[in-house]
>>> print(open('structure_0.tsv').read())   # TSV, C-alpha atoms
chain	number	residue	atom	x	y	z
E	558	MET	CA	0.00	0.00	0.00
E	559	SER	CA	1.15	3.51	-0.71
E	560	ASP	CA	0.95	6.31	1.81
E	561	GLY	CA	-2.13	7.58	0.02
E	562	GLY	CA	-4.08	4.36	0.24
E	563	GLY	CA	-3.34	3.36	-3.34
E	564	GLU	CA	-2.04	-0.09	-4.18
E	565	ARG	CA	1.31	-0.96	-5.66
E	566	PRO	CA	1.12	-3.13	-8.77
E	567	ALA	CA	1.45	-6.87	-8.51
E	568	ALA	CA	2.72	-8.94	-11.41
E	569	SER	CA	-0.77	-9.59	-12.77
E	570	ALA	CA	-2.80	-6.60	-11.59
E	571	PRO	CA	-2.46	-2.83	-11.85
E	572	GLY	CA	-1.91	-0.68	-8.78
E	573	LEU	CA	-4.96	1.48	-8.20
E	574	LEU	CA	-4.73	5.13	-7.16
E	575	GLY	CA	-5.67	6.22	-3.65
E	576	PRO	CA	-6.55	9.76	-2.45
E	577	ALA	CA	-2.98	10.90	-1.76
E	578	ASP	CA	-1.78	9.32	-5.03
E	579	VAL	CA	-4.33	11.34	-7.01
E	580	ARG	CA	-3.53	14.60	-5.24
E	581	ALA	CA	0.23	14.06	-5.56
E	582	LEU	CA	-0.09	13.30	-9.26
E	583	ALA	CA	-2.23	16.36	-9.84
E	584	GLU	CA	0.24	18.54	-7.93
E	585	ARG	CA	3.15	17.16	-9.92
E	586	LEU	CA	1.37	18.00	-13.15
E	587	GLY	CA	0.15	21.38	-11.96
E	588	VAL	CA	-3.41	20.22	-12.61
E	589	ARG	CA	-6.32	22.03	-11.02
E	590	PRO	CA	-9.64	20.33	-11.83
E	591	THR	CA	-11.80	22.63	-13.93
E	592	LYS	CA	-15.59	22.98	-14.08
E	593	GLN	CA	-15.27	23.75	-17.81
E	594	LEU	CA	-14.08	20.21	-18.51
E	595	GLY	CA	-16.25	18.71	-15.78
E	596	GLN	CA	-13.23	17.23	-14.02
E	597	ASN	CA	-13.89	15.33	-10.79
E	598	PHE	CA	-11.32	12.59	-10.19
E	599	VAL	CA	-12.24	9.30	-8.47
E	600	ILE	CA	-9.96	8.73	-5.47
E	601	ASP	CA	-11.43	5.53	-4.02
E	602	PRO	CA	-10.09	2.17	-5.27
E	603	ASN	CA	-13.17	0.31	-4.01
E	604	THR	CA	-15.40	2.51	-6.17
E	605	ILE	CA	-13.21	1.68	-9.18
E	606	ARG	CA	-13.62	-2.03	-8.50
E	607	ARG	CA	-17.36	-1.56	-8.15
E	608	ILE	CA	-17.61	0.25	-11.50
E	609	VAL	CA	-15.58	-2.43	-13.29
E	610	ARG	CA	-17.82	-5.15	-11.82
E	611	ALA	CA	-21.00	-3.26	-12.69
E	612	ALA	CA	-19.73	-2.81	-16.25
E	613	ASP	CA	-19.35	-6.59	-16.57
E	614	VAL	CA	-15.94	-6.11	-18.19
E	615	ARG	CA	-14.76	-9.40	-19.65
E	616	PRO	CA	-11.26	-10.69	-20.45
E	617	ASP	CA	-11.91	-10.48	-24.20
E	618	ASP	CA	-13.36	-6.96	-24.14
E	619	VAL	CA	-11.88	-3.99	-25.96
E	620	VAL	CA	-12.95	-1.11	-23.73
E	621	VAL	CA	-13.04	2.54	-24.76
E	622	GLU	CA	-12.85	4.99	-21.87
E	623	VAL	CA	-13.78	8.65	-22.40
E	624	GLY	CA	-12.14	11.19	-20.11
E	625	PRO	CA	-9.65	9.00	-18.20
E	626	GLY	CA	-8.26	12.00	-16.32
E	627	LEU	CA	-5.44	10.92	-14.01
E	628	GLY	CA	-6.05	7.23	-14.73
E	629	SER	CA	-7.96	5.87	-11.72
E	630	LEU	CA	-10.58	4.01	-13.75
E	631	THR	CA	-8.13	3.27	-16.56
E	632	LEU	CA	-6.01	1.14	-14.23
E	633	GLY	CA	-9.04	-0.77	-12.99
E	634	LEU	CA	-10.17	-1.49	-16.55
E	635	LEU	CA	-6.70	-2.65	-17.58
E	636	GLY	CA	-6.87	-5.32	-14.90
E	637	ALA	CA	-10.06	-6.76	-16.38
E	638	ALA	CA	-10.13	-6.16	-20.16
E	639	ARG	CA	-8.12	-7.36	-23.12
E	640	ARG	CA	-7.44	-3.79	-24.25
E	641	VAL	CA	-8.29	-0.27	-23.15
E	642	VAL	CA	-8.38	2.74	-25.47
E	643	ALA	CA	-8.48	5.97	-23.48
E	644	VAL	CA	-9.76	9.16	-25.16
E	645	GLU	CA	-8.61	12.31	-23.35
E	646	ILE	CA	-9.06	15.91	-24.52
E	647	ASP	CA	-6.81	17.58	-21.93
E	648	PRO	CA	-3.22	17.63	-23.31
E	649	VAL	CA	-1.59	17.68	-19.86
E	650	LEU	CA	-3.57	14.71	-18.61
E	651	ALA	CA	-3.11	12.87	-21.90
E	652	GLY	CA	0.64	13.41	-21.73
E	653	ALA	CA	0.89	12.02	-18.20
E	654	LEU	CA	-1.39	8.99	-18.48
E	655	PRO	CA	1.06	6.61	-20.24
E	656	GLN	CA	3.63	7.25	-17.48
E	657	THR	CA	1.06	6.48	-14.78
E	658	VAL	CA	0.18	3.23	-16.55
E	659	ALA	CA	3.89	2.40	-16.96
E	660	GLU	CA	4.51	2.87	-13.25
E	661	ARG	CA	1.54	0.85	-12.04
E	662	PHE	CA	0.92	-1.72	-14.78
E	663	PRO	CA	3.93	-1.72	-17.15
E	664	GLU	CA	2.88	-4.85	-19.03
E	665	ALA	CA	-0.07	-2.90	-20.43
E	666	LEU	CA	2.28	-0.84	-22.60
E	667	SER	CA	3.47	-3.77	-24.66
E	668	GLY	CA	1.86	-6.80	-26.18
E	669	PRO	CA	3.29	-10.31	-26.33
E	670	GLY	CA	5.31	-9.23	-29.32
E	671	GLY	CA	6.82	-6.27	-27.50
E	672	ALA	CA	5.04	-3.51	-29.43
E	673	ALA	CA	5.44	-0.23	-27.56
E	674	ASP	CA	2.42	1.95	-26.90
E	675	SER	CA	2.24	5.44	-28.30
E	676	ALA	CA	-0.36	8.16	-28.11
E	677	THR	CA	-2.34	8.69	-31.30
E	678	GLY	CA	-4.57	11.28	-32.80
E	679	PRO	CA	-8.24	10.60	-33.58
E	680	ASP	CA	-7.54	9.69	-37.21
E	681	ASP	CA	-4.42	7.58	-36.66
E	682	SER	CA	-4.90	4.33	-38.55
E	683	SER	CA	-1.53	2.69	-37.80
E	684	ALA	CA	-3.33	-0.09	-35.93
E	685	ALA	CA	-6.63	0.28	-37.71
E	686	ALA	CA	-9.02	-2.63	-37.46
E	687	SER	CA	-6.20	-5.04	-36.68
E	688	ASP	CA	-6.65	-7.70	-34.03
E	689	ASP	CA	-2.91	-8.25	-33.75
E	690	PRO	CA	-2.24	-9.90	-30.35
E	691	ALA	CA	1.06	-7.98	-30.19
E	692	LEU	CA	-0.80	-4.69	-29.84
E	693	PRO	CA	-0.41	-3.11	-26.39
E	694	ARG	CA	-3.22	-3.48	-23.87
E	695	PHE	CA	-3.31	0.29	-23.43
E	696	THR	CA	-3.64	2.95	-26.13
E	697	LEU	CA	-4.12	6.67	-25.63
E	698	VAL	CA	-5.98	8.89	-28.08
E	699	GLN	CA	-5.71	12.62	-27.41
E	700	ALA	CA	-8.91	14.02	-28.90
E	701	ASP	CA	-12.35	15.43	-28.24
E	702	ALA	CA	-14.67	12.42	-27.90
E	703	MET	CA	-17.40	14.36	-29.71
E	704	ARG	CA	-15.19	14.46	-32.82
E	705	ILE	CA	-14.00	10.86	-32.73
E	706	THR	CA	-15.01	8.86	-35.81
E	707	GLU	CA	-12.63	5.91	-35.49
E	708	LEU	CA	-10.32	4.32	-32.94
E	709	PRO	CA	-7.03	2.45	-33.37
E	710	GLY	CA	-6.99	-1.32	-33.05
E	711	PRO	CA	-9.92	-3.73	-33.08
E	712	PRO	CA	-13.47	-2.36	-32.72
E	713	PRO	CA	-14.46	-1.54	-29.12
E	714	THR	CA	-16.95	-3.87	-27.46
E	715	ALA	CA	-17.62	-1.83	-24.33
E	716	LEU	CA	-17.68	1.80	-23.22
E	717	VAL	CA	-16.92	2.52	-19.56
E	718	ALA	CA	-16.46	6.11	-18.46
E	719	ASN	CA	-16.83	8.73	-15.77
E	720	LEU	CA	-18.39	11.27	-18.13
E	721	PRO	CA	-18.12	15.02	-17.53
E	722	TYR	CA	-21.52	16.17	-16.36
E	723	ASN	CA	-21.82	19.00	-18.89
E	724	VAL	CA	-21.42	16.80	-22.00
E	725	ALA	CA	-22.49	13.36	-20.77
E	726	VAL	CA	-25.55	12.81	-22.97
E	727	PRO	CA	-24.07	14.16	-26.25
E	728	VAL	CA	-20.90	12.08	-25.77
E	729	LEU	CA	-22.88	8.93	-24.95
E	730	LEU	CA	-25.16	9.28	-27.98
E	731	HIS	CA	-22.24	10.11	-30.27
E	732	MET	CA	-20.28	7.03	-29.21
E	733	LEU	CA	-23.31	4.76	-29.62
E	734	GLU	CA	-23.89	6.14	-33.10
E	735	ARG	CA	-20.28	6.03	-34.30
E	736	PHE	CA	-19.35	2.63	-32.86
E	737	PRO	CA	-22.04	0.00	-33.50
E	738	SER	CA	-19.60	-2.64	-32.19
E	739	LEU	CA	-20.26	-1.38	-28.64
E	740	GLU	CA	-22.28	-4.14	-26.99
E	741	ARG	CA	-22.33	-2.82	-23.43
E	742	VAL	CA	-21.98	0.60	-21.83
E	743	LEU	CA	-21.59	1.72	-18.24
E	744	VAL	CA	-21.28	5.44	-17.58
E	745	MET	CA	-21.08	7.42	-14.38
E	746	VAL	CA	-23.00	10.68	-14.72
E	747	GLN	CA	-24.79	13.24	-12.56
E	748	ALA	CA	-27.63	11.50	-10.70
E	749	GLU	CA	-30.23	13.70	-12.38
E	750	VAL	CA	-28.87	12.73	-15.81
E	751	ALA	CA	-28.83	9.06	-14.80
E	752	ASP	CA	-32.50	9.32	-13.82
E	753	ARG	CA	-33.40	10.92	-17.15
E	754	LEU	CA	-31.53	8.32	-19.19
E	755	ALA	CA	-33.12	5.42	-17.33
E	756	ALA	CA	-36.65	6.90	-17.08
E	757	GLU	CA	-39.57	4.96	-18.53
E	758	PRO	CA	-42.40	6.48	-20.62
E	759	GLY	CA	-44.88	8.39	-18.49
E	760	GLY	CA	-42.30	9.35	-15.88
E	761	ARG	CA	-41.76	12.94	-14.79
E	762	VAL	CA	-38.15	13.03	-16.02
E	763	TYR	CA	-38.69	10.99	-19.18
E	764	GLY	CA	-37.46	13.09	-22.09
E	765	VAL	CA	-35.18	13.42	-25.10
E	766	PRO	CA	-32.20	11.53	-23.58
E	767	SER	CA	-34.49	8.70	-22.44
E	768	VAL	CA	-35.94	8.18	-25.93
E	769	LYS	CA	-32.75	8.62	-27.94
E	770	ALA	CA	-30.74	6.25	-25.75
E	771	ARG	CA	-33.40	3.59	-26.31
E	772	TRP	CA	-32.96	3.86	-30.06
E	773	TYR	CA	-29.64	2.11	-29.49
E	774	ALA	CA	-29.99	0.10	-26.32
E	775	SER	CA	-31.96	-1.04	-23.32
E	776	VAL	CA	-31.20	1.27	-20.39
E	777	ARG	CA	-31.24	0.81	-16.63
E	778	ARG	CA	-29.94	2.43	-13.47
E	779	ALA	CA	-26.99	0.46	-12.11
E	780	GLY	CA	-26.38	2.17	-8.77
E	781	SER	CA	-25.55	5.43	-7.03
E	782	ILE	CA	-22.18	7.01	-6.24
E	783	GLY	CA	-21.63	9.39	-3.33
E	784	LYS	CA	-19.77	12.69	-3.45
E	785	ASN	CA	-16.87	11.73	-1.21
E	786	VAL	CA	-15.22	9.31	-3.65
E	787	PHE	CA	-14.29	12.28	-5.87
E	788	TRP	CA	-11.70	15.00	-5.71
E	789	PRO	CA	-12.85	17.68	-5.68
E	790	ALA	CA	-16.19	16.52	-4.27
E	791	PRO	CA	-18.98	17.64	-6.62
E	792	HIS	CA	-22.09	19.42	-5.36
E	793	VAL	CA	-24.34	16.65	-6.65
E	794	GLU	CA	-24.64	12.89	-6.34
E	795	SER	CA	-23.65	10.64	-9.24
E	796	GLY	CA	-25.29	7.60	-10.72
E	797	LEU	CA	-24.32	4.59	-12.84
E	798	VAL	CA	-26.27	3.86	-16.01
E	799	ALA	CA	-25.94	0.55	-17.87
E	800	LEU	CA	-26.90	0.13	-21.51
E	801	GLU	CA	-27.04	-3.05	-23.56
E	802	ARG	CA	-27.08	-2.73	-27.33
E	803	ARG	CA	-30.23	-3.81	-29.13
E	804	GLN	CA	-31.54	-3.46	-32.65
E	805	PRO	CA	-33.18	-0.08	-33.34
E	806	PRO	CA	-36.93	-0.02	-33.95
E	807	THR	CA	-38.11	-1.61	-37.18
E	808	THR	CA	-39.00	1.34	-39.37
E	809	ARG	CA	-38.48	2.75	-42.84
E	810	ALA	CA	-37.71	6.14	-41.27
E	811	SER	CA	-34.10	7.11	-40.62
E	812	ARG	CA	-32.62	7.75	-37.17
E	813	LYS	CA	-32.36	11.44	-38.05
E	814	GLU	CA	-36.04	11.59	-38.98
E	815	VAL	CA	-37.10	9.84	-35.78
E	816	PHE	CA	-34.91	12.07	-33.61
E	817	ALA	CA	-36.40	15.15	-35.28
E	818	VAL	CA	-39.85	14.05	-34.10
E	819	VAL	CA	-38.51	13.46	-30.59
E	820	ASP	CA	-36.90	16.91	-30.45
E	821	ALA	CA	-40.10	18.58	-31.64
E	822	ALA	CA	-42.32	16.70	-29.19
E	823	PHE	CA	-40.26	17.63	-26.16
E	824	ALA	CA	-39.54	21.20	-27.21
E	825	GLN	CA	-43.06	21.93	-25.93
E	826	ARG	CA	-43.61	18.98	-23.64
E	827	ARG	CA	-46.59	20.51	-21.81
E	828	LYS	CA	-48.59	20.62	-25.05
E	829	THR	CA	-50.44	17.77	-26.70
E	830	LEU	CA	-48.62	16.11	-29.58
E	831	ARG	CA	-51.06	17.68	-32.03
E	832	ALA	CA	-49.89	21.13	-30.91
E	833	ALA	CA	-46.25	20.28	-30.17
E	834	LEU	CA	-45.69	18.75	-33.61
E	835	ALA	CA	-47.54	21.47	-35.55
E	836	GLY	CA	-44.36	23.29	-36.53
E	837	TRP	CA	-42.59	20.08	-37.51
E	838	ALA	CA	-45.56	18.84	-39.57
E	839	GLY	CA	-46.49	22.19	-41.10
E	840	SER	CA	-49.79	22.60	-39.26
E	841	ALA	CA	-51.72	21.16	-36.34
E	842	PRO	CA	-54.28	19.40	-38.60
E	843	ARG	CA	-51.45	17.79	-40.57
E	844	ALA	CA	-49.78	16.70	-37.31
E	845	GLU	CA	-53.04	15.10	-36.19
E	846	GLU	CA	-53.38	13.29	-39.51
E	847	ILE	CA	-49.87	11.87	-39.21
E	848	LEU	CA	-50.39	10.87	-35.58
E	849	ARG	CA	-53.62	9.03	-36.35
E	850	ARG	CA	-51.94	7.22	-39.26
E	851	ALA	CA	-49.21	6.15	-36.82
E	852	GLY	CA	-51.77	4.88	-34.31
E	853	VAL	CA	-50.89	7.56	-31.75
E	854	ASP	CA	-53.48	9.60	-29.83
E	855	PRO	CA	-53.09	13.27	-30.91
E	856	THR	CA	-54.08	14.42	-27.41
E	857	ALA	CA	-51.24	12.47	-25.77
E	858	ARG	CA	-48.06	14.19	-24.67
E	859	GLY	CA	-44.53	13.35	-25.76
E	860	GLU	CA	-43.58	11.91	-22.39
E	861	ALA	CA	-46.08	9.07	-22.85
E	862	LEU	CA	-44.54	7.62	-26.04
E	863	THR	CA	-41.99	4.88	-26.55
E	864	VAL	CA	-39.17	5.11	-29.07
E	865	ASP	CA	-41.10	2.66	-31.29
E	866	GLN	CA	-44.05	5.04	-31.35
E	867	TYR	CA	-41.79	7.93	-32.34
E	868	ALA	CA	-40.45	5.75	-35.15
E	869	ALA	CA	-44.02	5.04	-36.25
E	870	ILE	CA	-44.75	8.79	-36.39
E	871	ALA	CA	-41.66	9.46	-38.52
E	872	GLU	CA	-42.61	6.62	-40.86
E	873	ALA	CA	-46.18	7.90	-41.14
E	874	ALA	CA	-44.82	11.32	-42.04
E	875	ASN	CA	-42.75	9.78	-44.82
E	876	ALA	CA	-45.84	8.02	-46.16
E	877	ASP	CA	-47.70	11.31	-46.01
E	878	ALA	CA	-44.89	13.07	-47.89
E	879	ALA	CA	-45.04	10.39	-50.61
E	880	ASP	CA	-48.77	10.97	-51.10
E	881	PRO	CA	-49.24	13.12	-54.22
E	882	GLY	CA	-52.50	14.43	-52.79
E	883	ARG	CA	-50.96	15.80	-49.60
E	884	GLU	CA	-51.09	19.45	-48.67
E	885	PRO	CA	-47.77	21.34	-48.82
E	886	GLY	CA	-45.81	22.20	-45.71
E	887	LEU	CA	-44.77	18.84	-44.24
E	888	ASP	CA	-41.13	18.74	-43.29
E	889	GLY	CA	-40.14	15.47	-41.71
E	890	SER	CA	-36.40	16.13	-41.71
>>> encode(input="structure_0.tsv", output="structure tokens")
Amino acid sequence: MSDGGGERPAASAPGLLGPADVRALAERLGVRPTKQLGQNFVIDPNTIRRIVRAADVRPDDVVVEVGPGLGSLTLGLLGAARRVVAVEIDPVLAGALPQTVAERFPEALSGPGGAADSATGPDDSSAAASDDPALPRFTLVQADAMRITELPGPPPTALVANLPYNVAVPVLLHMLERFPSLERVLVMVQAEVADRLAAEPGGRVYGVPSVKARWYASVRRAGSIGKNVFWPAPHVESGLVALERRQPPTTRASRKEVFAVVDAAFAQRRKTLRAALAGWAGSAPRAEEILRRAGVDPTARGEALTVDQYAAIAEAANADAADPGREPGLDGS
């Protein structure tokens, strides 16, 4: 054990970071956690173990981690997964992370064939799509996760991350869209965001994130995380959200078309769908016509509908647009 409560690495497991380890590392780097980047570093090894267990990380998984920070969760993931690809936007943190991994789990920086790890940019294809067993277990990508379109190495099978509160939902949806190979996701987010993501139709907090996440996956709450396991301690509680990939709804409408209906419905969530979708459809009567064709009650509100019902509305709008006798003004894009 280190003075800070962290663990020194054994031959087969990484050494996790304790409170004093995190603070000492931050001081050495001159890092002051910023609200702008939503930085709150996990300082409790037991919480790291809990997250890795809740994520159901398997020995054959290729895990992508967004926002690794000082490396607390990264080290835990390296002890459980086949490979970890860490995406970090902060250049100082990105520059330090390989050294932290080298000190606490050096075998992660080289594969059986001795290939050394190196940081890459978001479009680096030097290891693209290869499943070479000589690839290192750890790869760093310095980039904005919202701009990532590909990752080095084999396709990721799991996403595990402590997501910055201010960009959690956009990052999650972007990663699910860009990487269909992701089978499982576990993210730690603000408790309020966790509740919204996991909410069921008809619930008070059911909204745009709830519906859009279900386009890609089944969603459930996977636990709560207290404030004291972070440095600095945030003002709010955190929650774990687990997602398991599923096929999107069966529909002839595109994801973009379905999401446009969702956005319109919740832009005025207190109104009935007939009124809320009037601008999207071109008029309230046209919205009602589309809703009835989709089998949806025009007097219902957006919070009552499932993602499949939103898909049915988008498909009905496409059928309406294809009707040569329709009135002008429908815009289903």
>>> closest_residue(input="structure_0.tsv", among="E:Leu666, E:Ala869, E:Val579, E:Ile847", to="E:Ser811", atoms="all atoms listed in the file")
E:Ala869
>>> atom_distance(input="structure_0.tsv", atom1="atom CA of E:Leu586", atom2="atom CA of E:Pro655")
13.4 Å
>>> atom_distance(input="structure_0.tsv", atom1="atom CA of E:Leu635", atom2="atom CA of E:Asn603")
15.3 Å
>>> residues_near_point(input="structure_0.tsv", point="(-13.0, 4.1, -10.0)", cutoff="12 Å", atoms="all atoms listed in the file", output="PyMOL selection string")
chain E and resi 563+573-576+579+597-612+622+625-635+717-719+744-745+782+786-788+797
>>> residues_around(input="structure_0.tsv", residues="stretch 701-707 of chain E", least_positions_apart="2", cutoff="7 Å", atoms="only C-alpha atoms", output="PyMOL selection string")
chain E and resi 623+644-646+679-680+709+728+731+735
>>> atom_distance(input="structure_0.tsv", atom1="atom CA of E:Val614", atom2="atom CA of E:Ala581")
28.8 Å
>>> residues_near_point(input="structure_0.tsv", point="(-33.8, 9.5, -18.9)", cutoff="10 Å", atoms="only C-alpha atoms", output="ChimeraX atom specification")
/E:726,749-758,760-771,776-778,798
